[in-house]
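K.L.:
Contents of input-v3.cif (mmCIF, C-alpha atoms) are below:
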data_structure
#
loop_
_atom_site.label_atom_id
_atom_site.label_comp_id
_atom_site.auth_asym_id
_atom_site.auth_seq_id
_atom_site.Cartn_x
_atom_site.Cartn_y
_atom_site.Cartn_z
CA MET A 1 -29.16 67.27 -67.09
CA GLN A 2 -32.32 69.15 -68.01
CA PHE A 3 -33.92 71.84 -65.89
CA VAL A 4 -37.41 73.26 -65.41
CA LYS A 5 -38.33 76.81 -64.52
CA MET A 6 -39.68 77.51 -61.05
CA ILE A 7 -41.47 80.84 -60.53
CA ARG A 8 -41.85 82.51 -57.16
CA PHE A 9 -43.88 85.68 -56.56
CA HIS A 10 -42.45 87.14 -53.37
CA HIS A 11 -40.41 90.26 -52.65
CA HIS A 12 -37.70 88.11 -51.00
CA GLY A 13 -37.54 85.51 -53.77
CA PHE A 14 -37.16 81.86 -52.79
CA THR A 15 -37.07 82.56 -49.05
CA CYS A 16 -37.84 79.47 -47.00
CA GLY A 17 -39.95 79.21 -43.90
CA SER A 18 -42.56 77.03 -42.30
CA PRO A 19 -45.31 76.02 -44.77
CA THR A 20 -47.86 77.31 -42.26
CA LYS A 21 -46.32 80.78 -42.57
CA TYR A 22 -47.47 81.26 -46.18
CA LYS A 23 -51.00 79.85 -46.15
CA GLU A 24 -54.22 80.89 -44.46
CA LYS A 25 -54.48 77.43 -42.95
CA ASP A 26 -51.95 74.72 -42.29
CA PRO A 27 -51.18 72.60 -45.35
CA ILE A 28 -51.29 68.83 -44.99
CA PHE A 29 -48.84 66.58 -46.81
CA ILE A 30 -49.51 62.99 -47.86
CA ASN A 31 -46.31 60.95 -47.93
CA ARG A 32 -47.10 59.22 -51.22
CA VAL A 33 -45.84 59.65 -54.78
CA VAL A 34 -48.46 59.78 -57.53
CA HIS A 35 -47.32 57.36 -60.24
CA ASN A 36 -50.45 57.23 -62.40
CA LEU A 37 -52.11 60.54 -63.30
CA PHE A 38 -55.40 58.80 -64.08
CA HIS A 39 -55.70 56.82 -60.83
CA THR A 40 -57.93 58.85 -58.50
CA GLY A 41 -59.93 58.06 -55.37
CA GLN A 42 -57.16 56.06 -53.72
CA SER A 43 -56.81 55.22 -50.03
CA ILE A 44 -53.87 55.95 -47.77
CA TYR A 45 -53.07 55.09 -44.17
CA THR A 46 -53.45 57.78 -41.55
CA THR A 47 -49.76 57.28 -40.74
CA GLU A 48 -48.93 58.71 -44.18
CA ILE A 49 -50.54 62.07 -43.37
CA ILE A 50 -48.08 64.73 -42.21
CA PHE A 51 -49.11 67.86 -40.29
CA PRO A 52 -45.91 69.98 -40.20
CA LYS A 53 -45.34 71.95 -37.03
CA GLU A 54 -44.32 75.62 -37.19
CA ALA A 55 -40.90 74.92 -35.65
CA ASP A 56 -40.11 71.78 -37.69
CA ARG A 57 -37.17 72.90 -39.87
CA ASP A 58 -37.40 69.71 -41.96
CA TRP A 59 -40.53 71.17 -43.54
CA TYR A 60 -39.20 74.64 -44.25
CA GLY A 61 -39.59 75.59 -47.90
CA CYS A 62 -41.67 77.82 -50.15
CA PHE A 63 -44.67 77.75 -52.46
CA CYS A 64 -43.98 78.49 -56.12
CA TYR A 65 -45.10 77.56 -59.63
CA LEU A 66 -43.76 75.05 -62.14
CA GLU A 67 -42.95 76.53 -65.57
CA GLU A 68 -45.93 78.89 -65.79
CA ASN A 69 -48.58 80.78 -63.90
CA THR A 70 -51.32 82.79 -65.53
CA MET A 71 -53.05 83.94 -62.35
CA GLN A 72 -50.33 86.21 -60.96
CA THR A 73 -49.94 89.52 -62.78
CA SER A 74 -48.17 91.71 -60.25
CA GLY A 75 -45.51 91.38 -57.62
CA THR A 76 -41.85 90.53 -57.62
CA ARG A 77 -41.13 87.49 -59.76
CA THR A 78 -38.05 85.35 -59.16
CA ILE A 79 -36.96 82.54 -61.47
CA GLY A 80 -34.93 79.50 -60.47
CA PHE A 81 -34.22 76.26 -62.30
CA LEU A 82 -34.72 72.81 -60.77
CA PRO A 83 -33.40 69.51 -62.18
CA ARG A 84 -36.13 67.87 -64.26
CA GLU A 85 -35.72 64.50 -62.50
CA SER A 86 -36.76 66.02 -59.14
CA THR A 87 -39.82 65.05 -57.12
CA ILE A 88 -41.91 67.96 -55.82
CA TRP A 89 -45.00 68.47 -53.68
CA VAL A 90 -48.14 69.34 -55.69
CA ARG A 91 -51.81 69.76 -54.89
CA ASN A 92 -53.67 66.49 -54.37
CA ILE A 93 -55.94 67.23 -57.34
CA SER A 94 -55.98 65.41 -60.66
CA HIS A 95 -56.51 66.85 -64.12
CA VAL A 96 -59.49 64.55 -64.85
CA GLY A 97 -62.14 66.71 -63.23
CA ASP A 98 -62.76 69.74 -61.14
CA GLY A 99 -61.40 68.97 -57.69
CA ILE A 100 -61.05 65.18 -58.01
CA PRO A 101 -58.17 64.14 -55.70
CA TYR A 102 -55.69 61.33 -56.17
CA TYR A 103 -56.16 60.33 -52.52
CA ASN A 104 -59.52 60.91 -50.87
CA ARG A 105 -59.76 58.25 -48.15
CA SER A 106 -57.61 57.58 -45.14
CA LEU A 107 -57.56 54.32 -43.25
CA HIS A 108 -56.19 53.51 -39.84
CA PRO A 109 -53.47 50.85 -40.26
CA LEU A 110 -54.93 48.68 -37.49
CA VAL A 111 -58.49 48.72 -38.81
CA GLU A 112 -59.18 46.15 -41.52
CA ASP A 113 -62.53 47.41 -42.80
CA GLU A 114 -62.75 50.56 -44.85
CA PRO A 115 -65.30 53.06 -43.54
CA LYS A 116 -68.55 53.18 -45.48
CA GLY A 117 -69.49 56.34 -47.33
CA GLY A 118 -66.44 56.97 -49.50
CA GLU A 119 -64.44 60.15 -49.07
CA ASN A 120 -63.15 61.18 -45.66
CA MET A 121 -60.01 63.15 -46.58
CA ILE A 122 -59.25 66.77 -45.81
CA THR A 123 -59.34 68.74 -49.07
CA ASP A 124 -56.26 70.99 -48.79
CA THR A 125 -53.61 68.29 -49.13
CA TRP A 126 -50.34 67.92 -51.03
CA VAL A 127 -48.76 64.81 -52.58
CA LYS A 128 -45.39 64.02 -54.13
CA MET A 129 -45.06 63.87 -57.90
CA THR A 130 -42.16 63.81 -60.32
CA VAL A 131 -41.60 67.02 -62.27
CA GLU A 132 -42.24 65.05 -65.48
CA ASP A 133 -45.67 63.94 -64.22
CA ALA A 134 -46.49 67.43 -62.94
CA LEU A 135 -45.71 68.87 -66.38
CA GLU A 136 -47.84 66.17 -67.99
CA ARG A 137 -50.72 66.94 -65.61
CA THR A 138 -50.52 70.59 -66.72
CA ARG A 139 -50.49 69.58 -70.40
CA LEU A 140 -53.49 67.28 -69.92
CA TRP A 141 -55.41 70.04 -68.08
CA LYS A 142 -54.71 72.51 -70.90
CA GLU A 143 -56.03 70.01 -73.48
CA LYS A 144 -59.51 70.20 -71.98
CA SER A 145 -59.61 73.72 -70.56
CA ALA A 146 -58.64 77.14 -71.87
CA GLN A 147 -58.08 78.52 -68.38
CA LEU A 148 -55.15 77.39 -66.21
CA PRO A 149 -56.01 77.59 -62.48
CA ASP A 150 -53.10 78.28 -60.14
CA TRP A 151 -53.36 74.91 -58.35
CA VAL A 152 -52.34 73.05 -61.54
CA THR A 153 -48.81 74.49 -61.51
CA GLU A 154 -48.48 75.37 -57.82
CA CYS A 155 -45.92 73.34 -55.91
CA TYR A 156 -44.01 73.32 -52.65
CA LEU A 157 -40.23 73.09 -52.65
CA THR A 158 -38.40 72.09 -49.50
CA GLU A 159 -35.46 74.18 -48.32
CA LEU A 160 -33.08 71.48 -49.58
CA GLN A 161 -34.58 71.79 -53.08
CA VAL A 162 -34.48 75.60 -52.94
CA ASN A 163 -30.78 75.42 -52.07
CA ARG A 164 -30.24 73.33 -55.23
CA LEU A 165 -31.96 75.82 -57.54
CA ILE A 166 -29.86 77.42 -60.24
CA TYR A 167 -30.57 81.10 -60.78
CA PRO A 168 -30.21 82.79 -64.16
CA SER A 169 -27.66 85.55 -64.66
CA SER A 170 -28.86 89.07 -65.51
CA ASN A 171 -28.28 88.37 -69.25
CA GLU A 172 -30.43 85.24 -69.01
CA LYS A 173 -33.17 87.23 -67.24
CA VAL A 174 -33.23 89.75 -70.07
CA MET A 175 -33.37 86.92 -72.63
CA GLU A 176 -36.14 85.12 -70.71
CA PHE A 177 -38.15 88.38 -70.50
CA TRP A 178 -37.73 89.04 -74.21
CA LEU A 179 -38.70 85.48 -75.17
CA SER A 180 -41.78 85.56 -72.93
CA LYS A 181 -43.03 88.73 -74.69
CA ASN A 182 -42.69 87.30 -78.23
#
Before we go any further, please render this structure as structure tokens.

P.N.:
Amino acid sequence: MQFVKMIRFHHHGFTCGSPTKYKEKDPIFINRVVHNLFHTGQSIYTTEIIFPKEADRDWYGCFCYLEENTMQTSGTRTIGFLPRESTIWVRNISHVGDGIPYYNRSLHPLVEDEPKGGENMITDTWVKMTVEDALERTRLWKEKSAQLPDWVTECYLTELQVNRLIYPSSNEKVMEFWLSKN
């Protein structure tokens, strides 16, 4: 089994709570898995949009970064390792352009006609993606841009996933620090 590094910048490490606790506004989750990194502008049904409630323990988790983050320079950094075959929540933004989402239209399941005018989706949304695809999305972004924005590697882990993280020993932390400096 292979693992990927998850990075969390928080003084309490991978502490879980309601997703609304950590963001300025409530995040919205789209219950779909992105299978094709180049397929953007897709439609979803309104029934696939999830607005987690503050008290809904099923949505407890934490925001962190997959493998790397160039934006954060200070704060307490905690490292955990997640199985590479996992599926995680990532921003609903593709690598193909600045701000182009995978899903940008929602349809009511009982309405047959799609609304005219194109996009009608809320912008701050999250979708499911395999870790492999999330790493590939990062690689593709870095091919065309020298700067890595935080949304490319930002992800949301549920409490169940956080409980499955493997944490490095103190010797491994020293080794990881040394390797990251050279």

K.L.:
Pull out every residue that the PyMOL selection byres ((chain A and resi 136) around 12) matches in the shown coordinates and put them as an MDAnalysis selection string.

P.N.:
chainID A and resid 35:38 66:67 94:95 129:135 137:143 152:153

K.L.:
For this file, the PyMOL selection byres ((chain A and resi 56) around 12) selects which residues, as a list of chain:residue names?

P.N.:
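Applied to this file, the PyMOL selection byres ((chain A and resi 56) around 12) returns A:Gly17, A:Ser18, A:Pro19, A:Thr20, A:Lys21, A:Ile50, A:Phe51, A:Pro52, A:Lys53, A:Glu54, A:Ala55, A:Arg57, A:Asp58, A:Trp59, A:Tyr60, A:Gly61, A:Thr158, A:Glu159.
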
K.L.:
In Å to one decimal, how far is atom CA of A:Ile7 from atom CA of A:Pro149?

P.N.:
15.0 Å

K.L.:
How far is it from atom CA of A:Gln147 to atom CA of A:Asn69, in Å with one decimal?

P.N.:
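If I compute the distance from atom CA of A:Gln147 to atom CA of A:Asn69, I get 10.7 Å.
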
K.L.:
Atom CA of A:Glu48 to atom CA of A:Val127: how many Å, to one decimal?

P.N.:
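A separation of 10.4 Å between them.
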
K.L.:
Selection in question (the file shown): the PyMOL selection byres ((chain A and resi 1) around 12). Which residues does it include, as a PyMOL selection string?

P.N.:
chain A and resi 2-4+81-86

K.L.:
Looking at only C-alpha atoms, which of A:Val33, A:Phe63, A:Asp98, A:Ile49 is the one that sits closest to A:Leu148?

P.N.:
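Checking each of A:Val33, A:Phe63, A:Asp98, A:Ile49 against A:Leu148, counting only C-alpha atoms, the winner is A:Asp98.
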